[in-house]
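Engineer: So here's input_7.txt (compact mmCIF, C-alpha atoms).
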# COMPACT_ATOMS: atom_id res chain seq x y z
CA MET A 1 93.22 126.96 75.28
CA GLN A 2 96.22 126.42 77.54
CA GLU A 3 94.00 125.52 80.50
CA ASN A 4 92.73 122.45 78.56
CA VAL A 5 96.19 121.16 77.64
CA GLN A 6 97.23 118.30 79.90
CA LEU A 7 100.19 116.00 80.26
CA LYS A 8 100.05 113.04 77.88
CA ARG A 9 99.12 109.71 79.51
CA SER A 10 101.45 107.29 77.71
CA LEU A 11 103.85 105.65 80.19
CA GLY A 12 103.60 101.95 81.02
CA LEU A 13 104.59 100.19 84.25
CA TRP A 14 108.10 99.13 83.28
CA ALA A 15 108.93 102.44 81.60
CA ILE A 16 108.17 104.10 84.95
CA VAL A 17 110.14 101.51 86.92
CA MET A 18 113.16 101.99 84.66
CA LEU A 19 112.95 105.77 85.13
CA GLY A 20 112.93 105.19 88.89
CA VAL A 21 115.86 102.77 88.72
CA GLY A 22 117.70 105.19 86.46
CA TYR A 23 117.11 107.94 89.02
CA MET A 24 118.59 105.70 91.74
CA THR A 25 121.62 104.78 89.56
CA PRO A 26 122.54 101.06 89.95
CA MET A 27 126.26 101.84 89.62
CA VAL A 28 126.18 103.86 92.85
CA ALA A 29 126.64 100.59 94.75
CA PHE A 30 130.32 100.66 93.76
CA ASP A 31 130.81 104.27 94.92
CA THR A 32 129.70 103.57 98.50
CA PHE A 33 131.21 100.08 98.86
CA GLY A 34 134.57 101.05 100.35
CA ILE A 35 133.07 103.37 102.95
CA VAL A 36 130.40 100.93 104.16
CA SER A 37 132.69 97.88 104.02
CA HIS A 38 135.06 99.64 106.38
CA GLU A 39 132.16 100.74 108.61
CA THR A 40 130.58 97.28 108.83
CA GLY A 41 133.70 95.15 108.90
CA GLY A 42 132.94 93.49 105.56
CA HIS A 43 129.14 93.13 105.71
CA VAL A 44 127.86 95.58 103.10
CA PRO A 45 125.15 93.20 101.77
CA ALA A 46 123.67 92.86 105.27
CA SER A 47 123.44 96.65 105.56
CA TYR A 48 121.75 96.81 102.16
CA VAL A 49 119.14 94.31 103.33
CA ILE A 50 118.39 96.51 106.37
CA ALA A 51 118.24 99.62 104.17
CA LEU A 52 115.92 97.93 101.66
CA VAL A 53 113.49 96.73 104.35
CA GLY A 54 113.47 100.23 105.84
CA MET A 55 112.79 101.96 102.53
CA LEU A 56 110.01 99.55 101.59
CA PHE A 57 107.92 100.85 104.50
CA THR A 58 108.12 104.38 103.10
CA ALA A 59 107.58 103.06 99.55
CA ALA A 60 104.37 101.41 100.80
CA SER A 61 103.24 104.76 102.22
CA TYR A 62 103.78 106.42 98.83
CA GLY A 63 101.72 103.65 97.24
CA LYS A 64 98.84 104.21 99.67
CA MET A 65 98.78 107.95 99.04
CA VAL A 66 99.03 107.83 95.26
CA ARG A 67 95.84 105.73 95.21
CA VAL A 68 94.05 108.65 96.85
CA TYR A 69 95.77 111.47 94.92
CA PRO A 70 97.03 110.13 91.55
CA VAL A 71 98.54 113.44 90.46
CA ALA A 72 102.05 114.66 89.77
CA GLY A 73 102.65 116.55 93.00
CA SER A 74 103.95 113.64 95.12
CA ALA A 75 104.68 114.47 98.80
CA TYR A 76 103.68 118.11 98.22
CA THR A 77 100.13 117.15 97.21
CA TYR A 78 99.72 114.43 99.86
CA THR A 79 100.69 116.78 102.70
CA GLN A 80 98.64 119.66 101.35
CA LYS A 81 95.50 117.58 101.06
CA THR A 82 95.73 115.53 104.27
CA ILE A 83 97.53 117.64 106.88
CA SER A 84 97.79 121.33 106.07
CA LYS A 85 97.98 123.60 103.04
CA LYS A 86 100.83 125.54 104.62
CA LEU A 87 102.74 122.37 105.47
CA GLY A 88 102.07 121.15 101.94
CA PHE A 89 103.76 124.23 100.55
CA PHE A 90 106.67 123.73 102.95
CA VAL A 91 107.11 120.09 101.86
CA GLY A 92 106.96 121.05 98.19
CA TRP A 93 109.44 123.85 98.72
CA ALA A 94 111.82 121.63 100.69
CA SER A 95 111.48 118.83 98.12
CA LEU A 96 112.73 121.20 95.47
CA LEU A 97 116.17 120.93 97.14
CA ASP A 98 116.18 117.23 96.29
CA TYR A 99 114.47 117.38 92.91
CA LEU A 100 115.89 120.64 91.53
CA PHE A 101 119.54 120.12 92.40
CA LEU A 102 119.98 116.42 91.58
CA PRO A 103 120.16 117.13 87.82
CA MET A 104 122.86 119.66 88.68
CA VAL A 105 124.77 117.07 90.75
CA ASN A 106 124.70 114.65 87.82
CA ALA A 107 126.00 117.34 85.49
CA LEU A 108 128.80 117.99 87.98
CA LEU A 109 129.64 114.28 88.19
CA SER A 110 129.85 114.07 84.41
CA LYS A 111 132.30 116.97 84.44
CA ILE A 112 134.45 115.25 87.08
CA TYR A 113 134.54 111.91 85.22
CA LEU A 114 135.17 113.33 81.76
CA SER A 115 137.68 115.93 82.91
CA ALA A 116 139.74 113.09 84.41
CA LEU A 117 139.78 111.39 81.01
CA PHE A 118 140.25 114.54 78.94
CA PRO A 119 141.98 117.11 81.17
CA GLU A 120 142.76 119.36 78.23
CA VAL A 121 139.03 120.04 77.62
CA PRO A 122 137.53 122.84 79.77
CA GLY A 123 135.15 121.44 82.40
CA TRP A 124 132.29 123.73 81.41
CA VAL A 125 132.10 122.03 78.00
CA TRP A 126 131.09 118.73 79.62
CA VAL A 127 128.47 120.43 81.81
CA VAL A 128 126.90 122.27 78.88
CA GLY A 129 126.90 119.14 76.73
CA PHE A 130 125.37 116.99 79.47
CA VAL A 131 122.65 119.53 80.27
CA ALA A 132 121.84 120.00 76.56
CA VAL A 133 121.31 116.26 75.97
CA VAL A 134 119.13 115.80 79.06
CA THR A 135 117.07 118.95 78.40
CA ILE A 136 116.38 118.14 74.74
CA ALA A 137 115.38 114.54 75.58
CA ASN A 138 112.88 115.84 78.16
CA LEU A 139 111.59 118.72 76.07
CA PHE A 140 109.86 116.96 73.22
CA SER A 141 108.31 113.84 74.75
CA VAL A 142 108.23 111.96 78.02
CA ASN A 143 108.35 108.76 75.94
CA LEU A 144 111.57 109.88 74.26
CA ALA A 145 113.08 110.51 77.70
CA ALA A 146 111.82 107.13 78.97
CA ASN A 147 113.14 105.18 75.96
CA PHE A 148 116.53 106.88 76.16
CA ASN A 149 116.61 106.15 79.88
CA ASN A 150 115.82 102.46 79.25
CA PHE A 151 118.88 102.18 77.02
CA LEU A 152 121.08 103.82 79.65
CA VAL A 153 119.78 101.58 82.46
CA PHE A 154 120.21 98.42 80.39
CA PHE A 155 123.81 99.40 79.66
CA GLN A 156 124.42 99.64 83.41
CA PHE A 157 122.88 96.17 83.77
CA LEU A 158 125.33 94.93 81.13
CA VAL A 159 128.30 96.39 83.01
CA ILE A 160 127.08 94.74 86.24
CA ILE A 161 126.62 91.37 84.50
CA VAL A 162 130.17 91.50 83.08
CA PHE A 163 131.44 92.49 86.54
CA VAL A 164 129.71 89.51 88.19
CA VAL A 165 131.10 87.10 85.56
CA LEU A 166 134.64 88.40 86.12
CA VAL A 167 134.24 88.18 89.92
CA VAL A 168 132.97 84.58 89.72
CA LYS A 169 135.92 83.70 87.53
CA GLY A 170 138.32 85.35 90.00
CA LEU A 171 136.76 83.68 93.02
CA GLY A 172 137.11 80.34 91.28
CA SER A 173 140.82 81.07 90.85
CA GLY A 174 141.28 81.72 94.55
CA GLU A 175 140.82 85.50 94.65
CA GLY A 176 139.10 87.12 97.64
CA ALA A 177 137.06 84.65 99.68
CA GLY A 178 137.92 81.86 97.22
CA THR A 179 134.29 80.70 96.93
CA VAL A 180 131.20 81.96 95.12
CA PHE A 181 128.65 81.08 97.81
CA SER A 182 128.91 82.18 101.43
CA LEU A 183 126.66 83.62 104.12
CA VAL A 184 129.53 85.55 105.73
CA PRO A 185 128.67 88.88 104.02
CA PHE A 186 125.16 88.61 105.53
CA ALA A 187 125.77 86.99 108.90
CA GLU A 188 128.88 86.18 110.90
CA GLU A 189 129.57 85.55 114.54
CA GLY A 190 130.69 88.71 116.30
CA MET A 191 129.47 91.22 113.73
CA SER A 192 128.10 94.46 115.17
CA MET A 193 124.44 95.34 114.68
CA ASP A 194 125.22 99.00 115.45
CA ALA A 195 127.76 99.00 112.63
CA LEU A 196 125.24 97.41 110.24
CA VAL A 197 122.65 100.08 111.07
CA ALA A 198 125.25 102.82 110.62
CA GLY A 199 126.10 101.32 107.23
CA ALA A 200 122.41 101.10 106.32
CA THR A 201 122.07 104.80 107.12
CA VAL A 202 124.67 105.60 104.47
CA LEU A 203 123.13 103.19 101.97
CA CYS A 204 119.55 104.44 102.41
CA PHE A 205 120.48 107.46 100.34
CA SER A 206 121.14 105.08 97.42
CA PHE A 207 117.37 104.58 97.32
CA LEU A 208 116.53 108.24 96.76
CA GLY A 209 114.47 108.21 93.60
CA PHE A 210 111.87 105.49 94.14
CA ASP A 211 109.53 108.29 95.21
CA ALA A 212 110.19 110.29 92.04
CA VAL A 213 107.96 108.01 89.99
CA THR A 214 104.92 109.53 91.73
CA THR A 215 105.56 112.73 89.77
CA LEU A 216 104.67 110.77 86.59
CA SER A 217 101.13 109.97 87.78
CA GLU A 218 99.44 112.26 85.27
CA GLU A 219 101.36 110.70 82.37
CA THR A 220 100.32 107.15 83.29
CA PRO A 221 97.09 105.43 82.18
CA ASP A 222 95.28 103.91 85.17
CA ALA A 223 97.72 105.61 87.56
CA VAL A 224 95.81 104.41 90.64
CA LYS A 225 96.90 100.84 89.91
CA THR A 226 100.14 101.38 88.01
CA ILE A 227 102.00 103.94 90.14
CA PRO A 228 101.79 102.08 93.50
CA ARG A 229 103.15 98.95 91.79
CA ALA A 230 105.86 101.02 90.11
CA ILE A 231 106.93 102.58 93.41
CA PHE A 232 107.29 99.22 95.14
CA LEU A 233 108.99 97.58 92.14
CA THR A 234 111.44 100.47 91.79
CA ALA A 235 112.56 100.14 95.41
CA LEU A 236 112.63 96.34 95.17
CA VAL A 237 114.51 96.12 91.85
CA GLY A 238 116.99 98.73 93.04
CA GLY A 239 117.47 96.91 96.33
CA VAL A 240 118.04 93.53 94.69
CA LEU A 241 120.58 95.10 92.34
CA PHE A 242 122.41 96.78 95.21
CA ILE A 243 122.47 93.59 97.31
CA THR A 244 123.70 91.50 94.36
CA VAL A 245 126.46 93.93 93.41
CA SER A 246 127.60 94.37 97.00
CA TYR A 247 127.59 90.60 97.65
CA PHE A 248 129.95 89.78 94.77
CA THR A 249 132.09 92.82 95.50
CA GLN A 250 132.35 91.82 99.17
CA MET A 251 133.30 88.24 98.24
CA TYR A 252 136.11 89.56 96.04
CA PHE A 253 137.21 92.19 98.57
CA PRO A 254 136.55 90.76 102.09
CA ASP A 255 138.09 93.92 103.56
CA VAL A 256 139.32 97.30 102.33
CA SER A 257 143.04 96.60 102.67
CA ARG A 258 143.60 96.53 98.89
CA PHE A 259 142.19 100.01 98.33
CA SER A 260 144.45 103.06 98.49
CA ASP A 261 141.38 105.20 99.24
CA PRO A 262 138.29 103.30 100.50
CA GLU A 263 136.16 106.42 100.06
CA ALA A 264 136.89 106.40 96.30
CA ALA A 265 137.30 102.68 95.69
CA SER A 266 135.17 102.39 92.54
CA PRO A 267 138.00 102.73 89.94
CA GLU A 268 140.23 100.34 91.89
CA ILE A 269 137.42 97.78 92.14
CA ALA A 270 137.16 97.73 88.34
CA LEU A 271 140.93 97.61 87.88
CA PHE A 272 141.53 94.71 90.28
CA VAL A 273 138.59 92.69 88.92
CA GLY A 274 139.12 93.13 85.17
CA GLY A 275 142.20 95.16 84.38
CA LYS A 276 142.53 98.35 82.35
CA LEU A 277 140.14 97.31 79.57
CA PHE A 278 137.31 96.52 81.97
CA GLN A 279 138.08 99.67 83.92
CA ALA A 280 137.39 101.72 80.78
CA PHE A 281 134.15 99.77 80.17
CA PHE A 282 133.24 100.26 83.83
CA LEU A 283 133.82 104.02 83.56
CA ALA A 284 131.46 104.10 80.58
CA GLY A 285 128.86 102.43 82.80
CA THR A 286 129.43 105.03 85.50
CA LEU A 287 128.94 107.86 83.01
CA THR A 288 125.83 106.11 81.68
CA GLY A 289 124.44 105.92 85.22
CA THR A 290 125.04 109.62 85.70
CA LEU A 291 123.23 110.42 82.46
CA ALA A 292 120.28 108.13 83.33
CA SER A 293 119.92 109.71 86.77
CA GLY A 294 120.17 113.18 85.25
CA LEU A 295 117.50 112.33 82.70
CA ALA A 296 115.06 110.86 85.23
CA SER A 297 115.59 113.59 87.84
CA HIS A 298 115.12 116.30 85.19
CA THR A 299 111.80 114.67 84.23
CA SER A 300 110.62 114.55 87.85
CA VAL A 301 111.44 118.09 88.93
CA SER A 302 109.83 119.64 85.86
CA ARG A 303 106.58 117.85 86.87
CA LEU A 304 106.79 118.98 90.49
CA LEU A 305 107.27 122.58 89.35
CA TYR A 306 104.32 122.15 87.00
CA VAL A 307 101.97 121.06 89.81
CA MET A 308 103.09 123.89 92.09
CA GLY A 309 102.62 126.30 89.19
CA ARG A 310 99.20 124.90 88.35
CA ASP A 311 98.23 125.54 91.98
CA ASN A 312 99.48 129.13 91.50
CA VAL A 313 101.77 128.65 94.51
CA ILE A 314 104.48 129.76 92.10
CA PRO A 315 103.51 131.82 88.99
CA ALA A 316 101.08 129.67 86.99
CA LYS A 317 101.62 131.40 83.66
CA PHE A 318 105.19 130.10 83.54
CA PHE A 319 105.36 127.01 85.75
CA GLY A 320 101.87 125.69 84.93
CA TYR A 321 102.44 125.86 81.18
CA ILE A 322 102.10 122.70 79.05
CA HIS A 323 103.31 122.85 75.45
CA PRO A 324 100.22 122.17 73.25
CA LYS A 325 102.10 119.96 70.77
CA TRP A 326 104.72 118.16 72.90
CA ARG A 327 102.42 117.83 75.97
CA THR A 328 105.37 118.46 78.29
CA PRO A 329 106.02 121.28 80.84
CA ALA A 330 108.46 122.78 78.34
CA LEU A 331 109.28 126.00 80.20
CA ASN A 332 110.07 124.08 83.38
CA VAL A 333 112.29 121.67 81.45
CA VAL A 334 114.30 124.57 80.04
CA LEU A 335 114.48 126.30 83.44
CA VAL A 336 115.83 123.15 85.13
CA GLY A 337 118.43 122.97 82.35
CA PHE A 338 119.61 126.48 83.15
CA VAL A 339 119.73 125.73 86.89
CA SER A 340 121.82 122.64 86.17
CA LEU A 341 124.44 124.85 84.54
CA ILE A 342 125.34 126.05 88.05
CA ALA A 343 127.42 122.84 88.17
CA ILE A 344 130.09 124.79 86.30
CA PHE A 345 130.80 126.77 89.46
CA LEU A 346 130.10 124.35 92.37
CA ASP A 347 132.08 121.55 94.00
CA LEU A 348 130.57 118.11 94.65
CA GLU A 349 130.39 118.39 98.46
CA THR A 350 128.39 121.62 98.34
CA ALA A 351 126.10 120.32 95.62
CA THR A 352 125.26 117.03 97.34
CA SER A 353 124.61 118.86 100.61
CA LEU A 354 121.62 120.49 98.95
CA ILE A 355 119.83 117.20 98.27
CA ASN A 356 119.34 115.05 101.37
CA PHE A 357 117.36 117.55 103.47
CA GLY A 358 114.54 117.80 100.95
CA ALA A 359 114.36 114.03 100.45
CA LEU A 360 114.00 113.38 104.18
CA ILE A 361 111.31 116.05 104.50
CA ALA A 362 109.32 114.30 101.76
CA PHE A 363 109.80 110.82 103.29
CA THR A 364 108.73 112.03 106.74
CA PHE A 365 105.53 113.74 105.65
CA VAL A 366 104.38 110.99 103.28
CA ASN A 367 104.39 108.56 106.21
CA LEU A 368 102.53 111.11 108.33
CA ALA A 369 100.07 111.77 105.49
CA VAL A 370 99.04 108.09 105.52
CA ILE A 371 98.22 108.32 109.23
CA SER A 372 96.41 111.64 108.79
CA HIS A 373 94.25 110.44 105.88
CA TYR A 374 93.51 106.81 106.72
CA VAL A 375 93.58 106.81 110.52
CA ILE A 376 92.45 110.29 111.55
CA LYS A 377 90.16 111.18 108.63
CA MET A 378 88.90 107.78 107.40
CA LYS A 379 89.00 106.01 110.82
CA ARG A 380 90.75 103.01 109.26
CA TYR A 381 92.17 101.57 112.48
CA LYS A 382 89.40 99.40 113.91
CA THR A 383 90.58 96.08 112.46
CA ILE A 384 93.99 94.52 113.08
CA LYS A 385 94.81 94.66 109.37
CA ASP A 386 93.97 98.37 109.08
CA PHE A 387 95.72 99.19 112.35
CA ILE A 388 98.96 97.58 111.14
CA ASN A 389 98.66 98.80 107.55
CA TYR A 390 97.74 102.44 108.17
CA LEU A 391 99.30 103.15 111.55
CA VAL A 392 102.05 100.69 112.51
CA PHE A 393 103.77 100.48 109.11
CA PRO A 394 103.83 104.28 108.50
CA LEU A 395 105.15 104.80 112.05
CA ILE A 396 107.94 102.31 111.35
CA GLY A 397 108.69 104.15 108.09
CA ALA A 398 108.77 107.49 109.91
CA GLY A 399 110.98 106.00 112.64
CA ILE A 400 113.51 104.76 110.09
CA VAL A 401 113.55 108.20 108.49
CA MET A 402 114.22 109.69 111.94
CA ILE A 403 117.38 107.56 112.13
CA LEU A 404 118.46 109.17 108.85
CA TRP A 405 117.70 112.62 110.29
CA VAL A 406 120.01 111.93 113.24
CA ASN A 407 122.81 111.03 110.84
CA LEU A 408 122.23 113.91 108.40
CA ASN A 409 125.29 115.86 107.36
CA ILE A 410 125.51 119.20 109.21
CA HIS A 411 125.99 121.09 105.92
CA SER A 412 122.77 119.55 104.57
CA LEU A 413 120.94 120.60 107.73
CA ILE A 414 122.20 124.19 107.66
CA LEU A 415 121.52 124.70 103.95
CA GLY A 416 118.11 123.03 104.33
CA ILE A 417 117.14 125.35 107.17
CA ILE A 418 118.22 128.40 105.15
CA TRP A 419 116.23 127.21 102.13
CA SER A 420 113.19 126.53 104.33
CA ALA A 421 113.41 130.01 105.85
CA ILE A 422 113.36 131.52 102.34
CA GLY A 423 110.31 129.40 101.55
CA ILE A 424 108.47 130.54 104.66
CA LEU A 425 109.13 134.17 103.78
CA TYR A 426 107.81 133.54 100.26
CA LEU A 427 104.70 131.84 101.68
CA MET A 428 104.09 134.85 103.90
CA TYR A 429 104.33 137.06 100.81
CA ILE A 430 101.87 135.10 98.63
CA THR A 431 99.36 134.78 101.50
CA ASN A 432 99.63 138.43 102.58
CA TRP A 433 101.17 137.43 105.93
CA PHE A 434 98.84 134.41 106.19
CA ARG A 435 95.71 136.55 105.84
CA SER A 436 94.87 134.89 102.51
CA PRO A 437 94.56 131.12 101.93
CA VAL A 438 97.38 129.13 100.38
CA PRO A 439 96.56 128.47 96.70
CA GLN A 440 95.75 124.84 95.87
CA MET A 441 94.35 122.82 93.00
CA HIS A 442 90.89 121.34 92.70
CA MET A 443 91.33 117.61 92.15
CA GLU A 444 88.53 117.26 89.62
CA GLU A 445 90.30 119.75 87.34
CA VAL A 446 93.53 117.84 87.27
CA HIS A 447 93.31 114.25 86.17
CA GLU A 448 91.35 111.94 83.94
CA LEU A 449 90.67 108.61 85.67
As structure tokens - that is how I would like this structure written.
Structural biologist:
Amino acid sequence: MQENVQLKRSLGLWAIVMLGVGYMTPMVAFDTFGIVSHETGGHVPASYVIALVGMLFTAASYGKMVRVYPVAGSAYTYTQKTISKKLGFFVGWASLLDYLFLPMVNALLSKIYLSALFPEVPGWVWVVGFVAVVTIANLFSVNLAANFNNFLVFFQFLVIIVFVVLVVKGLGSGEGAGTVFSLVPFAEEGMSMDALVAGATVLCFSFLGFDAVTTLSEETPDAVKTIPRAIFLTALVGGVLFITVSYFTQMYFPDVSRFSDPEAASPEIALFVGGKLFQAFFLAGTLTGTLASGLASHTSVSRLLYVMGRDNVIPAKFFGYIHPKWRTPALNVVLVGFVSLIAIFLDLETATSLINFGALIAFTFVNLAVISHYVIKMKRYKTIKDFINYLVFPLIGAGIVMILWVNLNIHSLILGIIWSAIGILYLMYITNWFRSPVPQMHMEEVHEL
């Protein structure tokens, strides 16, 4: 009976987009502002524009591939089917660093925020409470998780709207630049393009999550049409939010001289703009963003584990299980909850170092998968439109990702290499030292289109 139980197709376009935006966390624009403003000399919005344009190329590649393989495996499936089964396993394994540990990072952030407010409460209490809420919401229904996420994302929108109103009021009173409209944050004589690109490299990581919506393909009616639109809209909506927030913040704070610590400027931004009361409201928005990201990332990784389990790359009896009543990968949801509890013992620097390597692996191979499938296999390069769409654009996307690789934190690189080595050893084990084929799914057994 279990083999006939499938994920429930019930998610609409905007529910998916909101899960993607929740994964990306709109409030993160405040966390990176001080660092990038210092790096760019007061041109954070310009760097966001560069980052958005760069990420849209990779988002387009995801959209192209999900039309061919509208299943929950994302970059893992695309690489496996178009390039190599072994490389597909490697991409899936590496992606687990991004997907599996982001819920843990969000649990850790909640502990940091709440422990600052309530230092008398043991930190582990906040981690356990956070993980319990996110796990239960994901366990019973993907629609419950999506609806809860919508509320959390809309609350972040409300905080941003109040922030913009307060900034406009302050600018009108002579604060900051003293004017609401200016092109200076985007373009100014003497600004450094190298600095803008360096800033964009930092900000690109704010977009991690637009790709996560591909893991919801098997819970989406007409996924071939809906998911590509959702991917592009997620990146675009997130980018517009980031640019808007950074523009008004930059107008109010033309430089970082008012901040005691530019690398942790978020609380001071709220305090200077709206005082203690708004700072408390702002902190609630930050916590809401953490919860929304935790919810969406928990949803995504449980689906990736499900696809790898269904392929029997990892034990199918556990990871490929779908609860017959709830129609969710219940065992994976619970497992991710237990992994997230590791946040009790880790610090933020170590935890975040585990994420970026896997994300960049996925971005790189999705762009390459487009070239492999459309250009090499399908010969879609003989017209100018196809040549640009299936070769030039993916190459630009891959090139932008290479810039991110160059700027990757050394700790992320070392931990990623160690994790990859473990994955290669495991692959050798399940293939009997590569004498047996890598397990993979048969597409006709997976989805209903």
Engineer: Would you pick out the contacts of region 389-392 of chain A at 12 Å or less, using all atoms listed in the file, so that residues sharing its chain but fewer than 2 positions from it are not included, and give the list as a ChimeraX atom specification?
Structural biologist: /A:57-58,60-65,366-387,394-399
Engineer: Name the residues, using the chain letters and numbers of the file, that sit within 9 Å of (127.1, 122.9, 89.7) when counting all atoms listed in the file, and give them as a PyMOL selection string.
Structural biologist: chain A and resi 101+104-108+127+339-348+350-351
Engineer: Which of these, A:Pro103, A:Gly275, A:Gly337, A:Gly320, has the shortest distance to Gly170 (chain A) once you count only C-alpha atoms?
Structural biologist: A:Gly275
Engineer: Which residue gives the smallest distance to Leu56 (chain A) among A:Gly274, A:Gly239, A:Pro329, A:Gly88, with only C-alpha atoms counted?
Structural biologist: A:Gly239
Engineer: Can you pull out every residue within 9 Å of Leu97 (chain A), counting all atoms listed in the file, but drop anything in the same chain fewer than 6 positions away, and send it as an NGL selection string?
Structural biologist: :A and (354-359 or 416 or 419)
Engineer: Tell me, in Å to one decimal, how far CA of Asp222 (chain A) is from CA of Val334 (chain A).
Structural biologist: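 Straight-line distance from CA of Asp222 (chain A) to CA of Val334 (chain A) works out to 28.5 Å.
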Engineer: Given the choices A:Phe281, A:Phe33, A:Trp326, A:Trp14, which gets closest to Val159 (chain A) if the distance is worked out from all atoms listed in the file?
Structural biologist: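 For Val159 (chain A), the nearest of the given residues is A:Phe281.
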Engineer: Here is a test: counting only C-alpha atoms, which residue of A:Thr201, A:Ser95, A:Ser297, A:Thr179 is nearest to Pro254 (chain A)?
Structural biologist: A:Thr179
Engineer: For Lys169 (chain A), which residue among A:Val273, A:Val128, A:Val307, A:Ala187 is the nearest when counting all atoms listed in the file?
Structural biologist: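 Going through A:Val273, A:Val128, A:Val307, A:Ala187 one by one, the smallest distance to Lys169 (chain A) is for A:Val273.
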Engineer: Here's a test: counting all atoms listed in the file, identify every protein, DNA and RNA residue with an atom at most 9 Å from (111.2, 111.2, 81.2) in the file's coordinate frame, and state them as a PyMOL selection string.
Structural biologist: chain A and resi 16+19+137-138+141-149+216+295-300
Engineer: What's the 10 Å shell around Leu408 (chain A), counting all atoms listed in the file, without same-chain residues fewer than 4 positions away, as a ChimeraX atom specification?
Structural biologist: /A:201-202,353,356-357,360,402-404,412-413
Engineer: Would you mind telling me which residue in A:Val162, A:Met24, A:Leu427, A:Ile50 lies nearest to Phe282 (chain A) when using only C-alpha atoms?
Structural biologist: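 Closest to Phe282 (chain A), using only C-alpha atoms: A:Val162.
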